[in-house]
Amino acid sequence: MKIVLIAITVLTLSSPMASIGESETAFAQKRAQMVEDQLKARGIKDPRVIQAMLTVKRHLFVPTHSRNQAYEDYPLPIGEGQTISQPYVVALMTELLALKGRERILEIGTGSGYQAAILAELAKEVYTIELLAPLARQAEKLLKELDYKNIQVKSGDGFLGWPEFAPFDGIIVTCAPEKIPEPLLAQLAENGRLVIPVGTYVQELKLVRKRKGRTTVTDIVPVRFVPMLREKGK
Ligand code: SAH
């Protein structure tokens, strides 16, 4: 009897600690698996992008009840009718920016803040705009808790860009406008890259490059993003 009681005490004392440790290890394993099966297998090559996708804890950016799906091969709801993009799409769009580490980046559509965190691992400064104030506040809080000092979040209409900090070496848009917004083209630096899904029902992910003041557009792949909305009255 005595032996059984001792065994129960030991189990109750050790299990909460063990489960926290175990789940972080389990998440790290899922992350590594995601990188192999979803990213490398589909052609993501940039070692810095791969490292960032291994580093950032995607499960912290999704609602608690869907953490066990955080590394699956699809987008997930994050509230307010919005979604966090599929891991492969995040990696692909990031790779298209060809970041070296010195860049100033603008993101339109902060959402959960996950893409911003990936960018912050790879560039010098990240400016990110989210139309829906509750999402902007939540992402800002989480990114601060995670100690990202090179990300600035603001709530507003990203169609207009962020002129105070322009020009940007890279601009990434994670919601789809019908046409490429003029203000974003204007705020793109010389030799800069803009990655953006364009279209209504059928969308195309496009890479825009600016050289000697002229832009060239390359179609990359058909995609499905939430639409870019406009701030009321604009
Ligand atoms: N990058 C995000 C994915 C966000 S989904 C992540 O990593 O989680 C796209 C986001 O774009 C949504 O949160 C939506 O509210 C936002 N959005 C839509 N129209 C916008 C606009 N005009 N300006 C800024 N954000 C916008």
# chains A, B, ... in the order shown; residues from 1 in each chain; ligands from 1

call {"tool": "closest_atom_pairs", "arguments": {"of": "chain A", "to": "ligand 1", "cutoff": "7 Å", "atoms": "only C-alpha atoms and all ligand atoms", "output": "CSV"}}
result
residue,atom,partner,partner_atom_place_in_ligand_line,distance
A:Gln82,CA,ligand 1,12 (C),5.1
A:Thr83,CA,ligand 1,5 (S),4.9
A:Ile84,CA,ligand 1,8 (O),3.7
A:Ser85,CA,ligand 1,3 (C),5.4
A:Ile108,CA,ligand 1,24 (C),5.0
A:Gly109,CA,ligand 1,11 (O),3.2
A:Thr110,CA,ligand 1,1 (N),4.7
A:Gly111,CA,ligand 1,13 (O),3.5
A:Ser112,CA,ligand 1,8 (O),3.7
A:Gly113,CA,ligand 1,7 (O),5.0
A:Tyr114,CA,ligand 1,7 (O),4.0
A:Gln115,CA,ligand 1,7 (O),3.9
A:Ala116,CA,ligand 1,7 (O),6.5
A:Ile129,CA,ligand 1,24 (C),5.1
A:Glu130,CA,ligand 1,25 (N),3.8
A:Leu131,CA,ligand 1,24 (C),4.0
A:Leu132,CA,ligand 1,15 (O),5.2
A:Leu135,CA,ligand 1,13 (O),6.6
A:Gly156,CA,ligand 1,23 (N),6.0
A:Asp157,CA,ligand 1,23 (N),3.9
A:Gly158,CA,ligand 1,23 (N),3.5
A:Phe159,CA,ligand 1,22 (N),5.0
A:Thr174,CA,ligand 1,9 (C),5.0
A:Cys175,CA,ligand 1,9 (C),4.6
A:Val226,CA,ligand 1,9 (C),5.9
A:Pro227,CA,ligand 1,18 (C),6.2
A:Met228,CA,ligand 1,19 (N),3.6
A:Leu229,CA,ligand 1,19 (N),3.8
A:Arg230,CA,ligand 1,22 (N),4.7
A:Glu231,CA,ligand 1,22 (N),6.5

call {"tool": "select_by_dssp", "arguments": {"residues": "segment 59-197 of chain A", "states": "helix (DSSP H, G or I)", "output": "PyMOL selection string"}}
result
chain A and resi 59-61+64-69+87-96+114-122+133-145+158-160+163-165+182-186

call {"tool": "write_last_selection", "arguments": {"atoms": "N, CA and C atoms", "output": "compact mmCIF listing (two decimals), in the first residue's frame"}}
result
# COMPACT_ATOMS: atom_id res chain seq x y z
N HIS A 59 3.43 27.33 -33.39
CA HIS A 59 2.28 26.97 -32.53
C HIS A 59 1.90 28.10 -31.58
N LEU A 60 2.82 29.04 -31.33
CA LEU A 60 2.48 30.17 -30.45
C LEU A 60 1.63 31.22 -31.16
N PHE A 61 1.56 31.14 -32.49
CA PHE A 61 0.85 32.15 -33.28
C PHE A 61 -0.57 31.71 -33.66
N THR A 64 -4.92 28.58 -29.08
CA THR A 64 -4.50 27.45 -28.24
C THR A 64 -5.15 26.12 -28.67
N HIS A 65 -6.44 26.18 -29.01
CA HIS A 65 -7.14 24.93 -29.34
C HIS A 65 -6.69 24.33 -30.67
N SER A 66 -5.97 25.09 -31.51
CA SER A 66 -5.51 24.47 -32.76
C SER A 66 -3.99 24.29 -32.81
N ARG A 67 -3.35 24.38 -31.63
CA ARG A 67 -1.88 24.22 -31.59
C ARG A 67 -1.40 22.90 -32.17
N ASN A 68 -2.19 21.85 -31.96
CA ASN A 68 -1.74 20.53 -32.46
C ASN A 68 -1.78 20.47 -33.99
N GLN A 69 -2.40 21.49 -34.62
CA GLN A 69 -2.43 21.51 -36.10
C GLN A 69 -1.46 22.55 -36.67
N PRO A 87 2.40 26.91 -44.03
CA PRO A 87 3.86 27.09 -43.87
C PRO A 87 4.60 27.24 -45.21
N TYR A 88 4.24 26.42 -46.21
CA TYR A 88 4.95 26.48 -47.50
C TYR A 88 4.81 27.85 -48.16
N VAL A 89 3.62 28.43 -48.07
CA VAL A 89 3.39 29.74 -48.69
C VAL A 89 4.22 30.81 -47.99
N VAL A 90 4.32 30.74 -46.67
CA VAL A 90 5.15 31.68 -45.90
C VAL A 90 6.61 31.55 -46.36
N ALA A 91 7.09 30.33 -46.45
CA ALA A 91 8.49 30.09 -46.84
C ALA A 91 8.75 30.55 -48.27
N LEU A 92 7.83 30.23 -49.19
CA LEU A 92 7.99 30.60 -50.60
C LEU A 92 8.04 32.12 -50.75
N MET A 93 7.10 32.82 -50.13
CA MET A 93 7.05 34.28 -50.26
C MET A 93 8.31 34.91 -49.65
N THR A 94 8.76 34.34 -48.54
CA THR A 94 9.97 34.86 -47.88
C THR A 94 11.18 34.63 -48.77
N GLU A 95 11.27 33.44 -49.35
CA GLU A 95 12.42 33.12 -50.21
C GLU A 95 12.48 34.07 -51.42
N LEU A 96 11.29 34.42 -51.94
CA LEU A 96 11.23 35.31 -53.10
C LEU A 96 11.77 36.71 -52.79
N TYR A 114 3.00 35.85 -37.42
CA TYR A 114 3.97 34.78 -37.72
C TYR A 114 4.92 35.16 -38.87
N GLN A 115 4.34 35.62 -39.98
CA GLN A 115 5.20 36.01 -41.11
C GLN A 115 6.15 37.14 -40.70
N ALA A 116 5.67 38.06 -39.88
CA ALA A 116 6.53 39.17 -39.41
C ALA A 116 7.71 38.62 -38.61
N ALA A 117 7.46 37.62 -37.77
CA ALA A 117 8.53 37.02 -36.97
C ALA A 117 9.57 36.36 -37.87
N ILE A 118 9.10 35.64 -38.89
CA ILE A 118 10.03 35.01 -39.85
C ILE A 118 10.89 36.08 -40.52
N LEU A 119 10.25 37.17 -40.95
CA LEU A 119 10.99 38.26 -41.60
C LEU A 119 12.00 38.89 -40.65
N ALA A 120 11.60 39.03 -39.39
CA ALA A 120 12.48 39.67 -38.40
C ALA A 120 13.75 38.85 -38.15
N GLU A 121 13.66 37.53 -38.38
CA GLU A 121 14.83 36.67 -38.24
C GLU A 121 15.82 36.90 -39.38
N LEU A 122 15.31 37.44 -40.50
CA LEU A 122 16.09 37.44 -41.74
C LEU A 122 16.45 38.82 -42.28
N ALA A 133 -7.88 46.18 -35.95
CA ALA A 133 -7.17 46.59 -34.74
C ALA A 133 -7.00 45.47 -33.70
N PRO A 134 -8.02 44.62 -33.47
CA PRO A 134 -7.80 43.56 -32.46
C PRO A 134 -6.66 42.61 -32.83
N LEU A 135 -6.56 42.28 -34.13
CA LEU A 135 -5.47 41.40 -34.58
C LEU A 135 -4.12 42.11 -34.44
N ALA A 136 -4.09 43.38 -34.79
CA ALA A 136 -2.84 44.16 -34.70
C ALA A 136 -2.36 44.18 -33.25
N ARG A 137 -3.29 44.44 -32.32
CA ARG A 137 -2.92 44.52 -30.90
C ARG A 137 -2.39 43.18 -30.39
N GLN A 138 -3.10 42.11 -30.77
CA GLN A 138 -2.71 40.76 -30.31
C GLN A 138 -1.34 40.39 -30.85
N ALA A 139 -1.10 40.67 -32.13
CA ALA A 139 0.20 40.32 -32.73
C ALA A 139 1.31 41.15 -32.09
N GLU A 140 1.04 42.42 -31.87
CA GLU A 140 2.05 43.31 -31.27
C GLU A 140 2.46 42.79 -29.89
N LYS A 141 1.45 42.37 -29.11
CA LYS A 141 1.70 41.87 -27.75
C LYS A 141 2.57 40.60 -27.80
N LEU A 142 2.19 39.68 -28.67
CA LEU A 142 2.94 38.42 -28.76
C LEU A 142 4.37 38.66 -29.22
N LEU A 143 4.55 39.50 -30.23
CA LEU A 143 5.90 39.75 -30.77
C LEU A 143 6.77 40.43 -29.71
N LYS A 144 6.15 41.24 -28.86
CA LYS A 144 6.88 41.89 -27.78
C LYS A 144 7.29 40.84 -26.73
N GLU A 145 6.35 39.96 -26.39
CA GLU A 145 6.64 38.88 -25.43
C GLU A 145 7.79 38.02 -25.93
N GLY A 158 -3.24 49.01 -45.21
CA GLY A 158 -1.94 48.75 -45.84
C GLY A 158 -1.89 49.10 -47.32
N PHE A 159 -3.05 49.30 -47.94
CA PHE A 159 -3.08 49.71 -49.35
C PHE A 159 -2.21 50.94 -49.55
N LEU A 160 -2.17 51.78 -48.52
CA LEU A 160 -1.46 53.06 -48.61
C LEU A 160 0.02 52.94 -48.25
N PRO A 163 4.42 55.46 -45.66
CA PRO A 163 5.33 56.41 -46.31
C PRO A 163 6.46 56.92 -45.40
N GLU A 164 6.20 57.05 -44.11
CA GLU A 164 7.22 57.59 -43.18
C GLU A 164 8.52 56.78 -43.22
N PHE A 165 8.40 55.48 -43.46
CA PHE A 165 9.59 54.62 -43.41
C PHE A 165 10.06 54.16 -44.79
N GLU A 182 -0.74 51.18 -56.23
CA GLU A 182 0.27 52.16 -56.66
C GLU A 182 1.19 52.62 -55.53
N PRO A 183 0.61 52.93 -54.32
CA PRO A 183 1.49 53.41 -53.25
C PRO A 183 2.59 52.41 -52.88
N LEU A 184 2.31 51.12 -53.03
CA LEU A 184 3.33 50.12 -52.68
C LEU A 184 4.45 50.13 -53.72
N LEU A 185 4.09 50.28 -54.99
CA LEU A 185 5.11 50.37 -56.04
C LEU A 185 5.99 51.59 -55.81
N ALA A 186 5.34 52.69 -55.42
CA ALA A 186 6.08 53.94 -55.19
C ALA A 186 7.03 53.82 -54.00

call {"tool": "residues_around", "arguments": {"residues": "Ile196 of chain A", "least_positions_apart": "4", "cutoff": "6 Å", "atoms": "only C-alpha atoms", "output": "list in words"}}
result
Val173, Leu205 and Lys206 of chain A

call {"tool": "atom_distance", "arguments": {"atom1": "atom CA of Leu106 of chain A", "atom2": "atom CA of Pro77 of chain A"}}
result
23.0 Å

call {"tool": "select_by_dssp", "arguments": {"residues": "segment 113-216 of chain A", "states": "strand (DSSP E)", "output": "PyMOL selection string"}}
result
chain A and resi 125-130+151-155+168-173+188-198+203-211+214-216

call {"tool": "atom_distance", "arguments": {"atom1": "atom CA of Arg193 of chain A", "atom2": "atom CA of Gln51 of chain A"}}
result
21.3 Å

call {"tool": "atom_distance", "arguments": {"atom1": "atom CA of Arg224 of chain A", "atom2": "atom CA of Ala189 of chain A"}}
result
27.1 Å

call {"tool": "closest_residue", "arguments": {"among": "A:Met53, A:Glu107, A:Pro167, A:Ile172", "to": "Ile151 of chain A", "atoms": "only C-alpha atoms"}}
result
A:Glu107
